[in-house]
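Student: Mind having a look at this structure? Questions to follow.
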Amino acid sequence: MELLNTVFIAKAIIVGVVFAITLGIAAYSTYFERKIAAFMQDRIGPDRAGPFGILQPLADAVKMFMKEDFIPANSNKWLFIAGPCLSMLTALMTSAVVPFGDSVTIGGATFDLQGIDVNIGILWVFGIVSLGVYGIMIGGWASNNKFALLGAIRAASQNISYELAMGMAIITILMITGSLSTKQIVEVQQNGHWNIFYQPLGFLIFIICAFAECNRTPFDLPECETELIGGYHTEYSSMKLGFYLFAEYINMFISGAVMATLYFGGYDYPGVEFVTQQFGSNVASFVGVGALIGKSLGFVFVFMWVRWTIPRFRYDQLMNLGWTGLIPLAMYNVVVTGFGILVGKPFMVSIAGLVVLIAALFVYDQLLVKKKIA
Amino acid sequence: MEISNIWYFLSALTLLSALMVIISKNPIHSVLYLVFTFFCISAHYVLLNAQFLMAVNIIVYAGAIMVLFLFVIMMFDLKKNIPESKSSLTKLAGSVVAGTLLVILIAIIRKNTIPGPALEKFNSQTGMVENLGQVLYGEFLLPFELVSILFFVAMVGAVLLGKREAGERNF
């Protein structure tokens with residue numbers, strides 16, 4: 001019973017710390033989003049609240065809470081409130097299976113720096129991602145507004161379409177690792193054997209799907225302001241709107257962490273052995289946590305970079321890319337990976353597969369161009 | 001807390017939410033209660049140490065099929081399309097038939113003891129992914145592949161029905 005208690009307390013602390021880190025990073029992502037947008041558009045960005053505008057998230061939070069909390073007259077009241085709550089819930093739940101670090105030994109007891117190590121780890125991520133759309137759909141429908149409903153329906157169809165390609169990209173990772181556990185997926189990639197080298201095409205598919213699942217530009221059609229006013233959150237105000245926006249930033253950070261786990265070695269970093277020899281394994285583990293968070297922040301930066309660079313897709317383009325572009329590519333990737341494992345040279349075969357694909361696309365394009373001219 | 005208490009609580013919750021699916025007037029509420037019922041069933045899978053079935057249940061039913069249900073129901077104009085209530089005679093007949101069925105089922109279950117798995121053969125790890133995969137791709141490989149062909153046929157049929165025919169539109 002005593003052991004159970006210490007394990008329980010340790011897990012509670014880990015969950016609490018992950019929760020705090022996630023919320024803190026999500027809050028400061030809003031600040032950096034504006035700073036990066038300002039940098040790209042040759043502006044200064046927020047600089048009034050505190051030095052360099054560093055207190056801007058705090059000021060935003062105060063503003064959000066102080067505004068009038070309005071519920072439209074003909075809306076479905078409880079579902080209207082449930083929408084943002086569900087969005088936040090599903091955004092926060094994914095981090096439970098992300099391994100944030102290797103094990104740490106304190107007072108003779110060893111703890112894994114991970115919420116739960118279940119042997120279905122990656123399926124948990126996939127399940128929660130597929131639930132993420134409920135918050136948007138319920139909120140959009142309960143607003144009793146045609147534009148909000150359109151946004152909600154767009155979000156649902158977009159998420160369902162891109163989940164398929166995402167699942168097939170994950171399948172190749174499972175084929176290489178031979179396990180569903182996120183911990184094992186990371187352990188296989190230790191010492192620089194990162195999956196990105198074996199799965200460049202899979203990573204490309206996965207990151208595009210991650211953009212679509214997070215509703216980020218260029219796939220932010222559910223909240224497309226030129227067509228739908230504000231999309232699913234048209235009727236929302238005050239902190240309910242804040243939760244919707246906040247959930248998006250949490251999703252960005254968590255999907256960055258998942259991508260780092262699946263493709264970039266998780267908490268692996270160059271020089272683990274050196275740090276372990278010099279400072280002991282505990283310090284090495286904590287540096288690993290820093291490495292994982294650093295990688296995730298790198299992905300958050302990519303999300304922002306793309307948002308301020310690429311314009312929004314049209315809706316039929318989005319569906320075309322998902323169904324006729326990414327799903328066949330993901331299937332091709334599964335076949336190539338399977339062949340690579342069969343031959344016993346996964347690295348060579350994956351690169352060869354990519355080269356063959358690019359060559360085939362190039363030839364196809366050339367043939368098509370000649371036909372058009374003739 | 002005893003594990004059986006959790007089981008009783010979960011079962012009560014499952015039955016309650018399943019009842020709410022058919023009681024609630026608003027179809028959207030029904031769908032959401034159904035999603036909740038699927039979550040309760042997934043929790044039962046966890047109690048049975050079948051984590052893989054839990055995850056798949058959530059992904060397939062709660063995550064994909066129910067989203068499509070919600071999607072379709074949201075397209076309706078609910079105020080116009082609510083079906084009129086049945087007459088009280090129909091309701092009475094329905095309750096009598098359902099009640100009789102319930103009584104028969106309870107009687108059968110009370111009379112017979114359902115044989116559980118033999119204790120010496122019992123393996124708590126049966127529900128894990130590895131063992132499930134061994135069974136699916138070993139012993140039951142042929143049925144498994146046949147099911148995939150069935151799905152493929154259904155998919156081709158759906159695409160064929162959804163495709164717009166050349167010429168005049170009939171619908």
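Every chain in the structure tokens has a letter given in the order shown (A, B, ...), and although residue numbers restart at 1 in each chain, ligands are simply numbered from 1 in the order shown.
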Using only C-alpha atoms, determine which residues of chain B fall within 12 Å of chain A; present them as a PyMOL selection string.
Tutor: chain B and resi 26+28-29+31-32+35-36+39+42+46+49-78+125+127-130+133
Student: Please produce a file of those selected residues containing C-alpha atoms, as a tab-separated table (two decimals), in the first residue's frame.
Tutor:
```tsv
chain	number	residue	atom	x	y	z
B	26	ASN	CA	-33.65	16.39	-28.98
B	28	ILE	CA	-28.48	15.98	-30.74
B	29	HIS	CA	-28.82	15.21	-27.02
B	31	VAL	CA	-26.27	11.41	-29.95
B	32	LEU	CA	-24.25	12.98	-27.16
B	35	VAL	CA	-21.23	8.98	-27.13
B	36	PHE	CA	-21.21	8.98	-23.34
B	39	PHE	CA	-17.24	5.93	-23.06
B	42	SER	CA	-14.83	1.63	-22.93
B	46	VAL	CA	-10.49	-1.18	-19.08
B	49	ASN	CA	-7.92	-5.39	-18.90
B	50	ALA	CA	-8.66	-5.01	-22.62
B	51	GLN	CA	-6.98	-1.68	-23.33
B	52	PHE	CA	-6.79	-2.20	-27.06
B	53	LEU	CA	-10.54	-2.72	-27.38
B	54	MET	CA	-11.03	0.39	-25.24
B	55	ALA	CA	-8.94	2.55	-27.56
B	56	VAL	CA	-10.47	1.10	-30.72
B	57	ASN	CA	-13.98	1.52	-29.34
B	58	ILE	CA	-13.30	5.21	-28.70
B	59	ILE	CA	-11.56	5.81	-32.04
B	60	VAL	CA	-14.11	4.02	-34.21
B	61	TYR	CA	-17.41	4.64	-32.44
B	62	ALA	CA	-17.00	7.83	-30.41
B	63	GLY	CA	-14.45	9.42	-32.71
B	64	ALA	CA	-15.67	8.57	-36.20
B	65	ILE	CA	-19.16	7.09	-36.41
B	66	MET	CA	-20.79	9.37	-33.87
B	67	VAL	CA	-19.17	12.44	-35.43
B	68	LEU	CA	-20.83	11.42	-38.71
B	69	PHE	CA	-24.17	10.94	-36.90
B	70	LEU	CA	-23.86	14.40	-35.37
B	71	PHE	CA	-22.85	15.74	-38.77
B	72	VAL	CA	-25.99	14.41	-40.43
B	73	ILE	CA	-28.36	15.44	-37.64
B	74	MET	CA	-26.97	18.97	-37.60
B	75	MET	CA	-27.92	19.31	-41.26
B	76	PHE	CA	-31.60	18.75	-40.46
B	77	ASP	CA	-33.89	21.56	-39.53
B	78	LEU	CA	-34.86	20.02	-36.22
B	125	GLN	CA	-3.18	-10.66	-20.53
B	127	GLY	CA	-6.87	-8.44	-23.99
B	128	MET	CA	-3.42	-6.96	-24.68
B	129	VAL	CA	-2.54	-5.92	-28.22
B	130	GLU	CA	0.14	-8.58	-28.72
B	133	GLY	CA	-2.89	-9.72	-32.77
```
Student: Taking 6 positions as the minimum chain separation for residues in the same chain, which residues sit within 12 Å of Ser95 (chain A) when counting only C-alpha atoms? Answer as a PyMOL selection string.
Tutor: chain A and resi 14-23+89+113-117+121-122+124-126+128-129+182+250-258+261
Student: Take the residues from that selection and write them out as an mmCIF file, in the first residue's frame, keeping N, CA and C atoms.
Tutor:
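Heads up, here's the output in selection.cif:
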```cif
data_model
loop_
_atom_site.group_PDB
_atom_site.id
_atom_site.type_symbol
_atom_site.label_atom_id
_atom_site.label_comp_id
_atom_site.auth_asym_id
_atom_site.auth_seq_id
_atom_site.Cartn_x
_atom_site.Cartn_y
_atom_site.Cartn_z
ATOM 1 N N ILE A 14 3.806 14.554 -11.483
ATOM 2 C CA ILE A 14 4.174 14.637 -12.899
ATOM 3 C C ILE A 14 3.036 15.242 -13.716
ATOM 4 N N VAL A 15 1.800 14.744 -13.438
ATOM 5 C CA VAL A 15 0.653 15.270 -14.184
ATOM 6 C C VAL A 15 0.487 16.761 -13.931
ATOM 7 N N GLY A 16 0.647 17.163 -12.650
ATOM 8 C CA GLY A 16 0.503 18.583 -12.318
ATOM 9 C C GLY A 16 1.544 19.429 -13.021
ATOM 10 N N VAL A 17 2.792 18.941 -13.037
ATOM 11 C CA VAL A 17 3.863 19.729 -13.668
ATOM 12 C C VAL A 17 3.623 19.832 -15.177
ATOM 13 N N VAL A 18 3.221 18.692 -15.797
ATOM 14 C CA VAL A 18 2.966 18.727 -17.243
ATOM 15 C C VAL A 18 1.841 19.709 -17.555
ATOM 16 N N PHE A 19 0.803 19.679 -16.707
ATOM 17 C CA PHE A 19 -0.333 20.599 -16.859
ATOM 18 C C PHE A 19 0.140 22.051 -16.793
ATOM 19 N N ALA A 20 0.960 22.354 -15.775
ATOM 20 C CA ALA A 20 1.429 23.732 -15.597
ATOM 21 C C ALA A 20 2.297 24.162 -16.773
ATOM 22 N N ILE A 21 3.223 23.270 -17.197
ATOM 23 C CA ILE A 21 4.108 23.613 -18.312
ATOM 24 C C ILE A 21 3.281 23.865 -19.572
ATOM 25 N N THR A 22 2.287 22.976 -19.812
ATOM 26 C CA THR A 22 1.473 23.117 -21.023
ATOM 27 C C THR A 22 0.751 24.449 -21.033
ATOM 28 N N LEU A 23 0.121 24.778 -19.888
ATOM 29 C CA LEU A 23 -0.634 26.033 -19.851
ATOM 30 C C LEU A 23 0.295 27.229 -19.995
ATOM 31 N N LEU A 89 -10.668 20.188 -22.529
ATOM 32 C CA LEU A 89 -10.459 18.844 -21.979
ATOM 33 C C LEU A 89 -9.691 17.967 -22.959
ATOM 34 N N LEU A 113 9.278 9.671 -16.197
ATOM 35 C CA LEU A 113 8.728 11.017 -16.371
ATOM 36 C C LEU A 113 7.671 10.978 -17.473
ATOM 37 N N GLN A 114 6.552 10.335 -17.160
ATOM 38 C CA GLN A 114 5.486 10.155 -18.139
ATOM 39 C C GLN A 114 4.196 9.978 -17.359
ATOM 40 N N GLY A 115 3.091 10.505 -17.876
ATOM 41 C CA GLY A 115 1.824 10.384 -17.166
ATOM 42 C C GLY A 115 1.451 8.933 -16.962
ATOM 43 N N ILE A 116 1.141 8.231 -18.058
ATOM 44 C CA ILE A 116 0.851 6.811 -17.956
ATOM 45 C C ILE A 116 1.590 6.102 -19.075
ATOM 46 N N ASP A 117 2.225 4.968 -18.746
ATOM 47 C CA ASP A 117 2.876 4.170 -19.781
ATOM 48 C C ASP A 117 1.972 2.988 -20.080
ATOM 49 N N GLY A 121 -0.300 3.339 -26.056
ATOM 50 C CA GLY A 121 0.021 4.772 -26.058
ATOM 51 C C GLY A 121 -0.434 5.570 -27.265
ATOM 52 N N ILE A 122 0.012 5.158 -28.457
ATOM 53 C CA ILE A 122 -0.227 6.003 -29.616
ATOM 54 C C ILE A 122 -1.694 5.947 -30.031
ATOM 55 N N TRP A 124 -4.099 5.931 -27.894
ATOM 56 C CA TRP A 124 -4.714 6.909 -26.995
ATOM 57 C C TRP A 124 -4.643 8.290 -27.643
ATOM 58 N N VAL A 125 -3.451 8.665 -28.130
ATOM 59 C CA VAL A 125 -3.304 9.966 -28.788
ATOM 60 C C VAL A 125 -4.304 10.081 -29.938
ATOM 61 N N PHE A 126 -4.354 9.009 -30.733
ATOM 62 C CA PHE A 126 -5.214 9.020 -31.911
ATOM 63 C C PHE A 126 -6.689 9.149 -31.517
ATOM 64 N N ILE A 128 -7.936 10.507 -28.714
ATOM 65 C CA ILE A 128 -8.254 11.839 -28.186
ATOM 66 C C ILE A 128 -8.309 12.853 -29.319
ATOM 67 N N VAL A 129 -7.394 12.706 -30.298
ATOM 68 C CA VAL A 129 -7.424 13.622 -31.441
ATOM 69 C C VAL A 129 -8.760 13.522 -32.167
ATOM 70 N N THR A 182 4.318 4.545 -26.504
ATOM 71 C CA THR A 182 5.116 5.721 -26.860
ATOM 72 C C THR A 182 6.509 5.628 -26.250
ATOM 73 N N ILE A 250 -2.739 25.024 -27.017
ATOM 74 C CA ILE A 250 -2.365 23.790 -26.318
ATOM 75 C C ILE A 250 -2.192 22.662 -27.333
ATOM 76 N N ASN A 251 -3.142 22.576 -28.279
ATOM 77 C CA ASN A 251 -3.062 21.542 -29.298
ATOM 78 C C ASN A 251 -1.769 21.647 -30.087
ATOM 79 N N MET A 252 -1.364 22.887 -30.391
ATOM 80 C CA MET A 252 -0.127 23.074 -31.150
ATOM 81 C C MET A 252 1.062 22.524 -30.384
ATOM 82 N N PHE A 253 1.141 22.886 -29.091
ATOM 83 C CA PHE A 253 2.287 22.428 -28.289
ATOM 84 C C PHE A 253 2.281 20.910 -28.166
ATOM 85 N N ILE A 254 1.082 20.342 -27.890
ATOM 86 C CA ILE A 254 1.022 18.888 -27.680
ATOM 87 C C ILE A 254 1.314 18.155 -28.984
ATOM 88 N N SER A 255 0.804 18.675 -30.112
ATOM 89 C CA SER A 255 1.093 17.965 -31.356
ATOM 90 C C SER A 255 2.575 18.094 -31.682
ATOM 91 N N GLY A 256 3.209 19.213 -31.296
ATOM 92 C CA GLY A 256 4.653 19.322 -31.438
ATOM 93 C C GLY A 256 5.360 18.253 -30.615
ATOM 94 N N ALA A 257 4.873 18.050 -29.366
ATOM 95 C CA ALA A 257 5.485 17.040 -28.503
ATOM 96 C C ALA A 257 5.290 15.645 -29.091
ATOM 97 N N VAL A 258 4.095 15.393 -29.661
ATOM 98 C CA VAL A 258 3.843 14.074 -30.248
ATOM 99 C C VAL A 258 4.742 13.858 -31.460
ATOM 100 N N THR A 261 8.112 13.078 -30.328
ATOM 101 C CA THR A 261 8.165 11.716 -29.800
ATOM 102 C C THR A 261 8.229 10.687 -30.918
#
```
Student: Report, in Å to a single decimal, how far apart CA of Ser237 (chain A) and CA of Lys67 (chain A) are.
Tutor: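 That distance, rounded to one decimal, is 7.5 Å.
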Student: Find the spatial neighbours of His193 (chain A), counting only C-alpha atoms, within a cut-off of 12 Å - ignore same-chain residues fewer than 6 positions away - and output them as a list in words.
Tutor: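 What passes the distance filter is Ile176, Thr177, Ile185, Val186, Glu187, Gln199, Leu262, Tyr263, Phe264, Gly265, Gly266, Asp268, Tyr269, Pro270, Pro346 and Phe347 of chain A.
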Student: Between CA of His44 (chain B) and CA of Gly116 (chain B), what distance in Å does the model show, to one decimal?
Tutor: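 Distance reported for this atom pair: 16.9 Å.
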Student: Could you pull out all residues of region 100-187 of chain A with a DSSP call of helix (DSSP H, G or I) and give them as a VMD selection string?
Tutor: chain A and resid 121 to 131 133 to 142 146 to 177 182 to 187
